[in-house]
Every structure is written in structure tokens, then in C-alpha cells.
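Participant: One file: work_26.pdb (PDB, C-alpha atoms and all ligand atoms).
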```pdb
ATOM      1  CA  MET A   1       0.000   0.000   0.000
ATOM      2  CA  ILE A   2       1.332   3.405  -1.050
ATOM      3  CA  ASN A   3       0.124   6.641   0.570
ATOM      4  CA  TRP A   4       0.170   9.325  -2.113
ATOM      5  CA  GLU A   5       0.046  13.015  -1.170
ATOM      6  CA  ALA A   6      -0.859  14.686  -4.474
ATOM      7  CA  HIS A   7       0.099  18.238  -3.460
ATOM      8  CA  ALA A   8       2.021  19.974  -0.663
ATOM      9  CA  CYS A   9       3.730  23.363  -0.479
ATOM     10  CA  LEU A  10       6.980  24.419   1.157
ATOM     11  CA  PRO A  11       8.058  28.057   1.038
ATOM     12  CA  LEU A  12       9.154  28.776  -2.557
ATOM     13  CA  ASN A  13      12.733  29.400  -1.534
ATOM     14  CA  GLY A  14      15.544  26.988  -2.383
ATOM     15  CA  SER A  15      16.728  27.171   1.233
ATOM     16  CA  ALA A  16      13.418  25.926   2.654
ATOM     17  CA  ASP A  17      13.720  23.590   5.619
ATOM     18  CA  PHE A  18      12.447  20.075   4.814
ATOM     19  CA  ALA A  19      11.362  19.427   8.418
ATOM     20  CA  PRO A  20       7.658  19.467   7.398
ATOM     21  CA  ILE A  21       8.404  16.961   4.654
ATOM     22  CA  GLU A  22      10.108  14.748   7.207
ATOM     23  CA  ARG A  23       6.891  14.948   9.254
ATOM     24  CA  LEU A  24       4.912  13.786   6.205
ATOM     25  CA  ARG A  25       7.294  10.822   5.936
ATOM     26  CA  ALA A  26       6.848  10.066   9.637
ATOM     27  CA  ALA A  27       3.049  10.178   9.165
ATOM     28  CA  GLY A  28       3.316   7.348   6.646
ATOM     29  CA  VAL A  29       3.293   9.207   3.338
ATOM     30  CA  ASN A  30       5.269   7.311   0.675
ATOM     31  CA  TYR A  31       5.068   9.807  -2.197
ATOM     32  CA  ALA A  32       4.554  13.563  -2.060
ATOM     33  CA  SER A  33       4.195  16.017  -4.923
ATOM     34  CA  ILE A  34       5.907  19.236  -3.822
ATOM     35  CA  ASN A  35       5.147  22.539  -5.526
ATOM     36  CA  VAL A  36       8.128  24.325  -7.115
ATOM     37  CA  GLY A  37       6.366  27.269  -8.735
ATOM     38  CA  MET A  38       3.106  28.965  -9.608
ATOM     39  CA  ASP A  39       2.188  31.399 -12.378
ATOM     40  CA  MET A  40       3.116  34.317 -10.091
ATOM     41  CA  ASN A  41       6.690  33.109  -9.538
ATOM     42  CA  PRO A  42       9.345  34.465 -11.928
ATOM     43  CA  LEU A  43      11.559  31.911 -13.664
ATOM     44  CA  PRO A  44      14.705  32.686 -11.595
ATOM     45  CA  GLN A  45      12.708  31.864  -8.456
ATOM     46  CA  VAL A  46      11.357  28.610  -9.924
ATOM     47  CA  MET A  47      14.835  27.518 -11.032
ATOM     48  CA  THR A  48      16.510  28.243  -7.689
ATOM     49  CA  VAL A  49      13.704  26.441  -5.858
ATOM     50  CA  ILE A  50      14.201  23.346  -8.042
ATOM     51  CA  ALA A  51      17.986  23.509  -7.540
ATOM     52  CA  GLY A  52      17.636  23.933  -3.769
ATOM     53  CA  PHE A  53      15.048  21.204  -3.304
ATOM     54  CA  ARG A  54      17.043  18.776  -5.463
ATOM     55  CA  ALA A  55      20.148  19.459  -3.360
ATOM     56  CA  THR A  56      18.264  18.920  -0.084
ATOM     57  CA  ILE A  57      16.787  15.636  -1.315
ATOM     58  CA  ALA A  58      20.216  14.456  -2.519
ATOM     59  CA  ALA A  59      21.775  15.356   0.852
ATOM     60  CA  HIS A  60      19.352  13.071   2.723
ATOM     61  CA  PRO A  61      19.348   9.692   0.940
ATOM     62  CA  ASP A  62      18.344   8.123   4.272
ATOM     63  CA  ARG A  63      14.997   9.989   4.128
ATOM     64  CA  TYR A  64      14.130  10.996   0.573
ATOM     65  CA  VAL A  65      14.401   9.901  -3.020
ATOM     66  CA  LEU A  66      13.635  12.064  -6.053
ATOM     67  CA  ALA A  67      11.115   9.903  -7.904
ATOM     68  CA  SER A  68      11.579   9.424 -11.602
ATOM     69  CA  SER A  69       9.596   6.177 -11.779
ATOM     70  CA  ILE A  70       7.026   4.089  -9.941
ATOM     71  CA  ALA A  71       9.866   1.694  -9.080
ATOM     72  CA  ASP A  72      11.601   4.544  -7.195
ATOM     73  CA  ILE A  73       8.459   4.988  -5.088
ATOM     74  CA  GLU A  74       8.046   1.285  -4.366
ATOM     75  CA  ARG A  75      11.732   0.742  -3.574
ATOM     76  CA  GLY A  76      11.711   3.858  -1.391
ATOM     77  CA  ALA A  77       8.605   2.746   0.487
ATOM     78  CA  ALA A  78      10.227  -0.624   1.246
ATOM     79  CA  LYS A  79      13.124   1.252   2.869
ATOM     80  CA  GLY A  80      10.981   3.828   4.699
ATOM     81  CA  LEU A  81      11.949   6.646   2.325
ATOM     82  CA  LEU A  82       9.602   9.367   1.127
ATOM     83  CA  ALA A  83       9.657   9.638  -2.665
ATOM     84  CA  ILE A  84       9.267  13.199  -3.919
ATOM     85  CA  GLY A  85       8.168  14.572  -7.277
ATOM     86  CA  PHE A  86       7.776  18.237  -8.127
ATOM     87  CA  ASP A  87       4.720  19.994  -9.513
ATOM     88  CA  LEU A  88       4.134  23.275 -11.315
ATOM     89  CA  GLU A  89       0.968  25.300 -10.716
ATOM     90  CA  GLY A  90       0.523  27.100 -14.001
ATOM     91  CA  ALA A  91       2.018  27.167 -17.485
ATOM     92  CA  MET A  92       3.779  30.531 -17.255
ATOM     93  CA  PRO A  93       7.137  28.944 -16.258
ATOM     94  CA  LEU A  94       6.985  27.164 -19.661
ATOM     95  CA  LEU A  95       7.549  30.542 -21.409
ATOM     96  CA  GLU A  96       4.976  29.572 -24.100
ATOM     97  CA  ASP A  97       7.308  26.825 -25.371
ATOM     98  CA  PRO A  98       5.932  23.240 -25.312
ATOM     99  CA  ARG A  99       9.507  21.912 -25.370
ATOM    100  CA  MET A 100       9.972  23.237 -21.832
ATOM    101  CA  VAL A 101       7.669  20.491 -20.510
ATOM    102  CA  ALA A 102      10.205  17.712 -21.088
ATOM    103  CA  LEU A 103      12.971  19.899 -19.651
ATOM    104  CA  TYR A 104      11.040  20.313 -16.394
ATOM    105  CA  ARG A 105      10.395  16.559 -16.359
ATOM    106  CA  ASP A 106      14.139  15.993 -16.496
ATOM    107  CA  LEU A 107      14.503  18.319 -13.490
ATOM    108  CA  GLY A 108      12.019  16.278 -11.446
ATOM    109  CA  VAL A 109       8.611  17.796 -12.297
ATOM    110  CA  ARG A 110       5.984  15.029 -12.494
ATOM    111  CA  GLN A 111       2.702  16.988 -12.540
ATOM    112  CA  ILE A 112       1.479  20.309 -13.940
ATOM    113  CA  HIS A 113      -1.652  22.365 -14.258
ATOM    114  CA  LEU A 114      -1.799  25.125 -16.802
ATOM    115  CA  ALA A 115      -3.242  28.192 -15.039
ATOM    116  CA  TYR A 116      -3.255  29.418 -11.456
ATOM    117  CA  ASN A 117      -6.656  31.028 -10.699
ATOM    118  CA  ARG A 118      -6.107  33.605 -13.505
ATOM    119  CA  ASN A 119      -6.048  33.363 -17.281
ATOM    120  CA  ASN A 120      -2.772  33.183 -19.193
ATOM    121  CA  SER A 121      -1.857  32.576 -22.840
ATOM    122  CA  VAL A 122      -2.262  28.811 -22.394
ATOM    123  CA  ALA A 123      -5.314  28.217 -20.231
ATOM    124  CA  ASP A 124      -7.981  29.800 -18.017
ATOM    125  CA  GLY A 125      -7.848  30.129 -14.251
ATOM    126  CA  CYS A 126     -10.865  29.281 -12.107
ATOM    127  CA  HIS A 127     -11.249  32.900 -10.916
ATOM    128  CA  ASP A 128     -11.251  34.622 -14.318
ATOM    129  CA  VAL A 129     -13.301  35.057 -17.499
ATOM    130  CA  GLU A 130     -14.072  31.762 -19.270
ATOM    131  CA  ARG A 131     -12.493  31.447 -22.749
ATOM    132  CA  GLY A 132     -11.525  27.772 -23.065
ATOM    133  CA  LEU A 133      -8.192  26.147 -23.885
ATOM    134  CA  THR A 134      -6.144  28.230 -26.318
ATOM    135  CA  SER A 135      -4.453  26.802 -29.420
ATOM    136  CA  LEU A 136      -1.111  27.083 -27.627
ATOM    137  CA  GLY A 137      -2.788  25.241 -24.756
ATOM    138  CA  ARG A 138      -3.660  22.332 -27.029
ATOM    139  CA  ARG A 139      -0.006  22.006 -27.985
ATOM    140  CA  ILE A 140       1.027  22.194 -24.329
ATOM    141  CA  VAL A 141      -1.417  19.423 -23.360
ATOM    142  CA  ALA A 142       0.063  17.246 -26.116
ATOM    143  CA  ALA A 143       3.552  18.027 -24.794
ATOM    144  CA  VAL A 144       2.481  17.100 -21.246
ATOM    145  CA  ASN A 145       1.104  13.804 -22.568
ATOM    146  CA  ASP A 146       4.238  13.137 -24.638
ATOM    147  CA  ALA A 147       6.630  13.991 -21.801
ATOM    148  CA  GLY A 148       4.756  11.702 -19.413
ATOM    149  CA  LEU A 149       3.708  14.239 -16.794
ATOM    150  CA  LEU A 150       0.443  14.062 -14.865
ATOM    151  CA  MET A 151      -2.021  16.488 -16.492
ATOM    152  CA  ASP A 152      -3.664  18.340 -13.607
ATOM    153  CA  CYS A 153      -6.725  20.621 -13.786
ATOM    154  CA  SER A 154      -6.814  22.129 -10.270
ATOM    155  CA  HIS A 155      -7.010  25.968 -10.264
ATOM    156  CA  THR A 156      -8.176  25.775 -13.914
ATOM    157  CA  GLY A 157     -11.337  27.366 -15.312
ATOM    158  CA  ARG A 158     -14.335  25.058 -15.603
ATOM    159  CA  ARG A 159     -14.780  25.203 -19.369
ATOM    160  CA  CYS A 160     -11.026  25.111 -19.957
ATOM    161  CA  SER A 161     -10.659  22.033 -17.746
ATOM    162  CA  LEU A 162     -13.361  20.281 -19.795
ATOM    163  CA  ASP A 163     -11.416  21.186 -22.953
ATOM    164  CA  ILE A 164      -8.197  19.789 -21.468
ATOM    165  CA  MET A 165      -9.922  16.561 -20.444
ATOM    166  CA  ALA A 166     -11.407  16.238 -23.941
ATOM    167  CA  VAL A 167      -8.071  16.556 -25.750
ATOM    168  CA  SER A 168      -5.716  14.800 -23.311
ATOM    169  CA  ARG A 169      -4.643  11.362 -24.530
ATOM    170  CA  LYS A 170      -3.898  10.305 -20.945
ATOM    171  CA  PRO A 171      -5.877  10.276 -17.680
ATOM    172  CA  VAL A 172      -6.279  13.748 -16.134
ATOM    173  CA  ILE A 173      -6.288  14.484 -12.406
ATOM    174  CA  PHE A 174      -7.412  17.236 -10.080
ATOM    175  CA  SER A 175      -4.547  17.150  -7.570
ATOM    176  CA  HIS A 176      -6.267  19.272  -4.914
ATOM    177  CA  SER A 177      -9.924  20.137  -5.611
ATOM    178  CA  ASN A 178     -13.146  19.461  -3.746
ATOM    179  CA  PRO A 179     -16.753  18.977  -4.899
ATOM    180  CA  GLN A 180     -18.632  22.235  -5.497
ATOM    181  CA  SER A 181     -21.850  20.380  -4.632
ATOM    182  CA  LEU A 182     -20.601  20.218  -1.019
ATOM    183  CA  VAL A 183     -18.945  23.655  -0.775
ATOM    184  CA  ASP A 184     -19.875  26.358  -3.286
ATOM    185  CA  HIS A 185     -16.507  27.989  -4.045
ATOM    186  CA  GLY A 186     -14.935  28.749  -7.436
ATOM    187  CA  ARG A 187     -11.854  26.659  -6.581
ATOM    188  CA  ASN A 188     -14.032  23.593  -6.135
ATOM    189  CA  VAL A 189     -15.181  21.475  -9.077
ATOM    190  CA  THR A 190     -18.627  20.707 -10.443
ATOM    191  CA  ASP A 191     -20.130  17.247 -10.803
ATOM    192  CA  GLU A 192     -19.692  17.675 -14.575
ATOM    193  CA  GLN A 193     -15.932  18.201 -14.110
ATOM    194  CA  ILE A 194     -15.674  15.221 -11.734
ATOM    195  CA  ARG A 195     -17.508  12.996 -14.238
ATOM    196  CA  ALA A 196     -15.273  14.195 -17.096
ATOM    197  CA  CYS A 197     -12.169  13.476 -15.004
ATOM    198  CA  ALA A 198     -13.348   9.956 -14.233
ATOM    199  CA  ALA A 199     -14.102   9.424 -17.929
ATOM    200  CA  THR A 200     -10.408  10.005 -18.694
ATOM    201  CA  GLY A 201      -9.546   7.339 -16.115
ATOM    202  CA  GLY A 202      -8.312  10.065 -13.776
ATOM    203  CA  VAL A 203      -8.584  10.895 -10.084
ATOM    204  CA  VAL A 204      -9.989  13.844  -8.094
ATOM    205  CA  CYS A 205      -7.856  14.389  -4.972
ATOM    206  CA  VAL A 206      -9.494  16.004  -1.946
ATOM    207  CA  SER A 207      -7.827  19.120  -0.534
ATOM    208  CA  GLY A 208      -7.483  19.703   3.199
ATOM    209  CA  VAL A 209      -7.869  23.488   3.022
ATOM    210  CA  SER A 210     -10.487  24.915   5.384
ATOM    211  CA  ARG A 211     -12.427  27.127   2.983
ATOM    212  CA  PHE A 212     -12.706  24.393   0.335
ATOM    213  CA  LEU A 213     -13.778  21.751   2.867
ATOM    214  CA  GLY A 214     -16.334  24.003   4.509
ATOM    215  CA  SER A 215     -14.838  23.771   7.983
ATOM    216  CA  ASP A 216     -12.796  26.333   9.920
ATOM    217  CA  ALA A 217     -10.767  23.626  11.656
ATOM    218  CA  PRO A 218     -10.839  20.742   9.169
ATOM    219  CA  THR A 219     -10.304  17.146  10.226
ATOM    220  CA  ALA A 220      -9.828  13.752   8.597
ATOM    221  CA  ALA A 221     -13.612  13.306   8.827
ATOM    222  CA  ASP A 222     -14.124  16.399   6.614
ATOM    223  CA  VAL A 223     -11.672  15.041   4.038
ATOM    224  CA  ALA A 224     -13.402  11.652   4.171
ATOM    225  CA  ARG A 225     -16.826  13.240   3.643
ATOM    226  CA  HIS A 226     -15.641  14.898   0.430
ATOM    227  CA  ALA A 227     -13.904  11.701  -0.705
ATOM    228  CA  ALA A 228     -17.092   9.716  -0.132
ATOM    229  CA  TYR A 229     -19.088  12.194  -2.211
ATOM    230  CA  ILE A 230     -16.724  11.773  -5.187
ATOM    231  CA  ALA A 231     -16.781   7.987  -4.772
ATOM    232  CA  GLY A 232     -20.575   8.051  -4.748
ATOM    233  CA  LEU A 233     -20.663  10.120  -7.931
ATOM    234  CA  VAL A 234     -18.053   8.347 -10.097
ATOM    235  CA  GLY A 235     -16.755   5.321  -8.184
ATOM    236  CA  ILE A 236     -14.000   4.539  -5.716
ATOM    237  CA  ARG A 237     -11.319   4.278  -8.429
ATOM    238  CA  HIS A 238     -11.441   8.014  -9.076
ATOM    239  CA  VAL A 239     -10.758   9.434  -5.608
ATOM    240  CA  GLY A 240      -7.437  10.515  -4.097
ATOM    241  CA  ILE A 241      -5.887  12.792  -1.479
ATOM    242  CA  GLY A 242      -4.032  16.082  -2.053
ATOM    243  CA  LEU A 243      -4.206  17.894   1.272
ATOM    244  CA  ASP A 244      -2.353  20.968  -0.051
ATOM    245  CA  ILE A 245      -0.827  21.771   3.337
ATOM    246  CA  SER A 246       1.252  24.958   2.943
ATOM    247  CA  PHE A 247       4.127  24.880   5.384
ATOM    248  CA  ASP A 248       5.324  28.292   6.557
ATOM    249  CA  GLU A 249       8.862  28.925   7.695
ATOM    250  CA  PRO A 250       9.057  32.098   9.795
ATOM    251  CA  GLY A 251      11.791  34.417   8.568
ATOM    252  CA  LEU A 252      12.144  32.778   5.164
ATOM    253  CA  ASP A 253      10.901  35.066   2.393
ATOM    254  CA  ASP A 254       9.306  33.525  -0.671
ATOM    255  CA  THR A 255       7.495  36.580  -2.030
ATOM    256  CA  PRO A 256       7.734  36.746  -5.836
ATOM    257  CA  ALA A 257      10.012  39.520  -7.061
ATOM    258  CA  GLY A 258       8.468  42.473  -8.905
ATOM    259  CA  ASP A 259       5.020  44.013  -8.495
ATOM    260  CA  PHE A 260       3.354  41.042  -6.843
ATOM    261  CA  ASP A 261      -0.281  41.683  -5.872
ATOM    262  CA  PRO A 262      -1.843  38.837  -3.839
ATOM    263  CA  THR A 263      -5.356  40.228  -4.363
ATOM    264  CA  PHE A 264      -4.950  39.613  -8.112
ATOM    265  CA  TRP A 265      -4.136  35.920  -7.651
ATOM    266  CA  TRP A 266      -6.607  35.423  -4.767
ATOM    267  CA  PRO A 267      -9.350  37.957  -5.616
ATOM    268  CA  ARG A 268     -11.686  39.174  -2.910
ATOM    269  CA  SER A 269     -14.551  38.740  -5.387
ATOM    270  CA  ALA A 270     -13.879  34.982  -5.271
ATOM    271  CA  GLY A 271     -14.225  34.909  -1.518
ATOM    272  CA  TYR A 272     -10.619  35.388  -0.418
ATOM    273  CA  ASP A 273     -11.640  37.835   2.262
ATOM    274  CA  ARG A 274      -8.885  36.899   4.690
ATOM    275  CA  ALA A 275      -5.131  36.858   4.192
ATOM    276  CA  ILE A 276      -4.127  33.626   2.448
ATOM    277  CA  ALA A 277      -1.656  32.941   5.270
ATOM    278  CA  ARG A 278      -4.550  32.631   7.693
ATOM    279  CA  MET A 279      -6.102  29.697   5.884
ATOM    280  CA  ALA A 280      -6.338  26.596   8.048
ATOM    281  CA  TYR A 281      -5.204  23.172   6.904
ATOM    282  CA  THR A 282      -5.876  19.671   8.114
ATOM    283  CA  PRO A 283      -3.016  18.625  10.402
ATOM    284  CA  ILE A 284      -0.332  16.272   9.083
ATOM    285  CA  ASP A 285      -1.613  13.481  11.308
ATOM    286  CA  THR A 286      -4.694  13.440   9.068
ATOM    287  CA  TRP A 287      -2.714  10.839   7.150
ATOM    288  CA  ARG A 288      -2.790   8.528  10.195
ATOM    289  CA  LYS A 289      -6.499   9.147  10.826
ATOM    290  CA  LEU A 290      -7.694   8.781   7.231
ATOM    291  CA  PRO A 291      -8.035   4.967   7.120
ATOM    292  CA  ALA A 292     -10.533   5.013  10.004
ATOM    293  CA  ALA A 293     -12.233   8.198   8.783
ATOM    294  CA  LEU A 294     -12.716   6.780   5.287
ATOM    295  CA  GLN A 295     -14.044   3.501   6.683
ATOM    296  CA  ASP A 296     -16.475   5.468   8.834
ATOM    297  CA  THR A 297     -18.117   6.617   5.574
ATOM    298  CA  GLY A 298     -18.749   2.991   4.656
ATOM    299  CA  MET A 299     -15.634   2.263   2.606
ATOM    300  CA  SER A 300     -13.867  -1.079   2.980
ATOM    301  CA  VAL A 301     -10.222  -1.302   4.047
ATOM    302  CA  ASP A 302      -9.271  -1.922   0.408
ATOM    303  CA  ASP A 303     -11.348   1.029  -0.817
ATOM    304  CA  ALA A 304      -9.652   3.336   1.711
ATOM    305  CA  ALA A 305      -6.253   2.155   0.444
ATOM    306  CA  LEU A 306      -7.264   3.020  -3.126
ATOM    307  CA  VAL A 307      -8.233   6.540  -2.023
ATOM    308  CA  MET A 308      -5.041   7.046  -0.019
ATOM    309  CA  GLY A 309      -2.761   6.133  -2.890
ATOM    310  CA  GLY A 310      -3.719   3.105  -4.956
ATOM    311  CA  ASN A 311      -5.658   5.171  -7.481
ATOM    312  CA  MET A 312      -2.947   7.788  -8.017
ATOM    313  CA  LEU A 313      -0.373   5.000  -8.290
ATOM    314  CA  ARG A 314      -2.457   3.414 -11.060
ATOM    315  CA  VAL A 315      -2.719   6.689 -12.981
ATOM    316  CA  ALA A 316       0.963   7.566 -12.584
ATOM    317  CA  ARG A 317       1.908   4.083 -13.756
ATOM    318  CA  GLU A 318      -0.030   4.758 -16.949
ATOM    319  CA  VAL A 319       1.209   8.335 -17.475
ATOM    320  CA  TRP A 320       4.781   8.708 -16.260
ATOM    321  CA  LYS A 321       7.758   8.123 -18.499
TER     322      LYS A 321
HETATM  323 ZN    ZN B 401      -2.877  25.009  -5.391
END
```
Before we go any further, please render this structure as C-alpha cells.
Facilitator:
Amino acid sequence: MINWEAHACLPLNGSADFAPIERLRAAGVNYASINVGMDMNPLPQVMTVIAGFRATIAAHPDRYVLASSIADIERGAAKGLLAIGFDLEGAMPLLEDPRMVALYRDLGVRQIHLAYNRNNSVADGCHDVERGLTSLGRRIVAAVNDAGLLMDCSHTGRRCSLDIMAVSRKPVIFSHSNPQSLVDHGRNVTDEQIRACAATGGVVCVSGVSRFLGSDAPTAADVARHAAYIAGLVGIRHVGIGLDISFDEPGLDDTPAGDFDPTFWWPRSAGYDRAIARMAYTPIDTWRKLPAALQDTGMSVDDAALVMGGNMLRVAREVWK
């Protein structure tokens, strides 16, 4: 059994302390997708984050392995190591060049979505005007499929995500998105999007963020409730976990250089009325409590194991190169 954390965030600074990642390992997580950049982060920041995180992983072979294959994850799990892959949140670090996708893969990126809340030249964000996938976007999706990265639609506009799922030749995931039927927020996904994701063979991973779970102090039971809803809609094979815990490190600055405006990326009109730093997350020990919480919704032991990692393992096995 592999526990698969589909999305977690350290400070976007190459010097970030991996202590929170060590806590994920101690909580039984076998694979974690760690964010290395969003649309708001300039390329020099993204590159130094990748360089720093790669160096930290390489310096601790007793704890971590940079995953380039499913075999790396399974071998690591047998030795108690946490396998790590990187993810990009948005296509802007690709500089409008589909060839950049394979380059990022070679640097350790295993998963990407194409827009972060706002529209760009490739795709639509979920808090912006709906246009649909652009022609450049179609070429980027093909490049993501060809390079063997997980095609992710979290943070993406509704119509654009449906376009991506229609043209992708591989299963598509939502790495950290919750059902809009349970919590009406623009970052959550409609039943139509969940059904389209399942039709690709993909997985919708439940986020542990308070506002998207509909709980000020979210617990494993809240995560399980959302997981059970998705399972009821499209089946147990299409549910995963991406708690999206953002680990702060006091004193370590990761503010994007330039004229960065947080209210553009997290607009008040979309309900971001409080500072993003004050969002609450499920605690790391959610990973220990999830088996019981999932079974409390009526899932079997085997079903809970699929949700906690078996389903994402299946999809990655089909997609990764
Ligand atoms: Zn995110």
C-alpha cells in the first residue's frame, strides 16, 4: 500500500527547511508532490527552488528519493523513504514553449496544471473570465502527454478544464480540488468536471484546506466526507488525497520579485476575504487518521487504500515516463 500526497507546499525558496516533509514521511506518506512554482513566480525563483530542493533531497538519501519512476516509489517505500516529485501550478514557467515540458520533467517535475486562478496565454484560471483552452494550450497538453507528466486541472477554469480533459490522450487528475456540490466555491469542481475526469480514467484528490472543505478547523472526517461524495458520484477508483498543506517557515521570504499583488491571484470577489496565510489546513496526522475516517463513511479497508494512494499510483503508472 502506497500513501500518495498529491500536493504539498513548502516556502518557494531553495533554502526551505524540509522538516515538514520529514513529518509527512513520519506520518506514513510514501510519495509527495511538492510545488516548485506557480504562475506568479518568476523563472529565476522557480529555477533556484528546483535547484535547492534537489540538493536537499540528494543530501538526505536516508529519508528521501527524487522519484523518476514508480519503481523509485516502491523501492523507497520498502526502505521507509519518502519519494518526492515536483509539480508546477501554471504554465507561465513554460515561457509559451511546449519543449519546456520535457525539460522540467528531467529536473524532477511530475505533474502540472496550466493556469493558477487567472487566465494566461495557455489556459484559463478558475477565478477569471471563461475562454476555453487556447491553441497554444492544445499544444502544451500534447507536450504534457508526450513527456509523461500528470495532467492536472486544479485551479483551472471550468470550461477550460473540460477542454483539457477532452483533448488529453492520458488520464487527467485534479490534484487538490473538492466537490462544489458540497462547498460552493470557485476553486471547487462541479459534478460535470468530476464525471469528465473519471471518464479520462483520472482521479480527483481532496484538498485539506479549510475554505474548500467548509470547515474552519478541518479534520480527517471532513476530508473523508468529500472523498465519499466523489466515490458516490463516479466510483472509488477516481478518488485521491491532495491535502495541499502549505508549510510556513518564519523568517524565510518567498514573495515573488516584482510588483506582486496577492489580491490579483486570490481575488476578494472569489471569496478570499482573509489573508491567504490565515487559511487553516488539516493537520499532518490526518494521514494517520484517514483509514478510520474513510471507513467510517462505509468504505472497505481496500477502498480506503485506493483513495489514499492506490488510485494515483495506477494513474501515474499509466502516465509517467
Ligand atoms: Zn494550489
Participant: Mind listing the residues within 7 Å of ligand ZN 401 (chain B), all atoms listed in the file counted, as a tab-separated table (two decimals) with C-alpha atoms, in the coordinates of the input?
Facilitator:
```tsv
chain	number	residue	atom	x	y	z
A	89	GLU	CA	0.97	25.30	-10.72
A	154	SER	CA	-6.81	22.13	-10.27
A	155	HIS	CA	-7.01	25.97	-10.26
A	176	HIS	CA	-6.27	19.27	-4.91
A	244	ASP	CA	-2.35	20.97	-0.05
```
Participant: Would you translate the PyMOL selection byres (((chain A and resi 217-222) around 7) and not hetatm) into the concrete set of residues it matches in this file, as a list in words?
Facilitator: Gly208, Ser210, Leu213, Ser215, Asp216, Val223, Ala224, Arg225, His226, Ala280, Tyr281, Thr282, Thr286, Lys289, Leu290 and Ala293 of chain A
Participant: Taking the file as shown, what set of residues would the PyMOL selection byres (((chain A and resi 115) around 7) and not hetatm) give back, as number ranges by chain?
Facilitator: A: 39, 89-91, 113-114, 116-120, 123-125, 155-156
Participant: Can you list what the PyMOL selection byres (((chain A and resi 185) around 10) and not hetatm) grabs from this structure, as a list of chain:residue names?
Facilitator: A:Cys126, A:His127, A:Asn178, A:Pro179, A:Gln180, A:Ser181, A:Leu182, A:Val183, A:Asp184, A:Gly186, A:Arg187, A:Asn188, A:Val189, A:Thr190, A:Arg211, A:Phe212, A:Leu213, A:Gly214, A:Ala270, A:Gly271
Participant: Please save C-alpha atoms of the selected residues as a PDB file, in the frame of the given file.
Facilitator:
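Okay, this is what ended up in selection_6.pdb:
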```pdb
ATOM      1  CA  CYS A 126     -10.865  29.281 -12.107  1.00  0.00           C
ATOM      2  CA  HIS A 127     -11.249  32.900 -10.916  1.00  0.00           C
ATOM      3  CA  ASN A 178     -13.146  19.461  -3.746  1.00  0.00           C
ATOM      4  CA  PRO A 179     -16.753  18.977  -4.899  1.00  0.00           C
ATOM      5  CA  GLN A 180     -18.632  22.235  -5.497  1.00  0.00           C
ATOM      6  CA  SER A 181     -21.850  20.380  -4.632  1.00  0.00           C
ATOM      7  CA  LEU A 182     -20.601  20.218  -1.019  1.00  0.00           C
ATOM      8  CA  VAL A 183     -18.945  23.655  -0.775  1.00  0.00           C
ATOM      9  CA  ASP A 184     -19.875  26.358  -3.286  1.00  0.00           C
ATOM     10  CA  GLY A 186     -14.935  28.749  -7.436  1.00  0.00           C
ATOM     11  CA  ARG A 187     -11.854  26.659  -6.581  1.00  0.00           C
ATOM     12  CA  ASN A 188     -14.032  23.593  -6.135  1.00  0.00           C
ATOM     13  CA  VAL A 189     -15.181  21.475  -9.077  1.00  0.00           C
ATOM     14  CA  THR A 190     -18.627  20.707 -10.443  1.00  0.00           C
ATOM     15  CA  ARG A 211     -12.427  27.127   2.983  1.00  0.00           C
ATOM     16  CA  PHE A 212     -12.706  24.393   0.335  1.00  0.00           C
ATOM     17  CA  LEU A 213     -13.778  21.751   2.867  1.00  0.00           C
ATOM     18  CA  GLY A 214     -16.334  24.003   4.509  1.00  0.00           C
ATOM     19  CA  ALA A 270     -13.879  34.982  -5.271  1.00  0.00           C
ATOM     20  CA  GLY A 271     -14.225  34.909  -1.518  1.00  0.00           C
TER      21      GLY A 271
END
```
Participant: Kindly indicate which residue among A:Ala71, A:Met279, A:Leu107, A:Met100 lies nearest to Val49 in chain A, using all atoms listed in the file for the distances.
Facilitator: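 Nearest to Val49 in chain A: A:Leu107.
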Participant: Quick one: everything within 10 Å of Ala19 in chain A, counting only C-alpha atoms, minus sequence neighbours fewer than 3 positions away in the same chain. Send it as an MDAnalysis selection string.
Facilitator: chainID A and resid 10 16 22:25 247 249
Participant: Identify, on the basis of all atoms listed in the file, every residue whose closest approach to Pro171 in chain A does not exceed 8 Å; exclude the query and any residue fewer than 3 positions from it along the same chain; express the result as a list in words.
Facilitator: Leu150, Met151, Met165, Ser168, Cys197, Thr200, Gly201, Gly202, Val315 and Val319 of chain A
Participant: Let me make sure I understand: among A:Gly108, A:Gly132, A:Gly28, A:Gly80, which one has the smallest atom-to-atom distance to Ala51 in chain A if we use only C-alpha atoms?
Facilitator: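 For Ala51 in chain A, the nearest of the candidates is A:Gly108.
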Participant: Given only C-alpha atoms as the basis, pick out the residue of A:Pro283, A:Pro93, A:Gly232, A:Gly310 nearest to Pro20 in chain A.
Facilitator: A:Pro283
Participant: With all atoms listed in the file as the basis for distance, which of A:Ala6, A:Ile70, A:Leu88, A:Ala231 is at the shortest distance from Arg317 in chain A?
Facilitator: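 That would be A:Ile70, the residue with the smallest distance to Arg317 in chain A.
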Participant: Report, in Å to a single decimal, how far apart CA of Asp248 in chain A and CA of Thr263 in chain A are.
Facilitator: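 Atom-to-atom, CA of Thr263 in chain A to CA of Asp248 in chain A, that is 19.4 Å.
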Participant: Do you have the CA of Ala228 in chain A-CA of Ala292 in chain A distance handy?
Facilitator: 13.0 Å
Participant: Quick check, in Å to one decimal: how far apart do CA of Ala227 in chain A and CA of Arg288 in chain A lie?
Facilitator: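 CA of Arg288 in chain A lies at a distance of 15.9 Å from CA of Ala227 in chain A.
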Participant: Nearest residue to Ile34 in chain A out of A:Leu103, A:Ile112, A:Val234, A:Leu95, using only C-alpha atoms?
Facilitator: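 Counting only C-alpha atoms, the residue closest to Ile34 in chain A is A:Ile112.
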Participant: Using all atoms listed in the file, give me every residue within 9 Å of (9.6, 14.2, -8.7) in file coordinates, as a list of chain:residue names.
Facilitator: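 The residues near that point, listed by chain and number, are A:Ala32, A:Ser33, A:Ile34, A:Val65, A:Leu66, A:Ala67, A:Ser68, A:Ser69, A:Ala83, A:Ile84, A:Gly85, A:Phe86, A:Asp87, A:Arg105, A:Leu107, A:Gly108, A:Val109, A:Arg110, A:Gln111.
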Participant: So which one's closest to Ile2 in chain A, A:Ile50, A:Cys153, A:Met299, A:Ala304? Using only C-alpha atoms, please.
Facilitator: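 Answer, going by the shortest atom-to-atom distance: A:Ala304.
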Participant: Could you put an axis-aligned box around every listed atom of range 301-319 of chain A, padded by 5 Å on each side, and send me its centre and edge lengths in Å to one decimal, as JSON?
Facilitator:
```
{"center_x": -4.7, "center_y": 3.2, "center_z": -6.7, "size_x": 23.3, "size_y": 20.3, "size_z": 31.5}
```
Participant: Excluding Ile230 in chain A and its own-chain neighbours fewer than 5 positions away, which residues fall within 10 Å of it when counting all atoms listed in the file? Please give them as a list of chain:residue names.
Facilitator: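 Result of the neighbour search: A:Asn178, A:Pro179, A:Asp191, A:Ile194, A:Arg195, A:Ala198, A:Val203, A:Val204, A:Cys205, A:Val206, A:Ala224, A:Arg225, A:Gly235, A:Ile236, A:Arg237, A:His238, A:Val239, A:Gly240.
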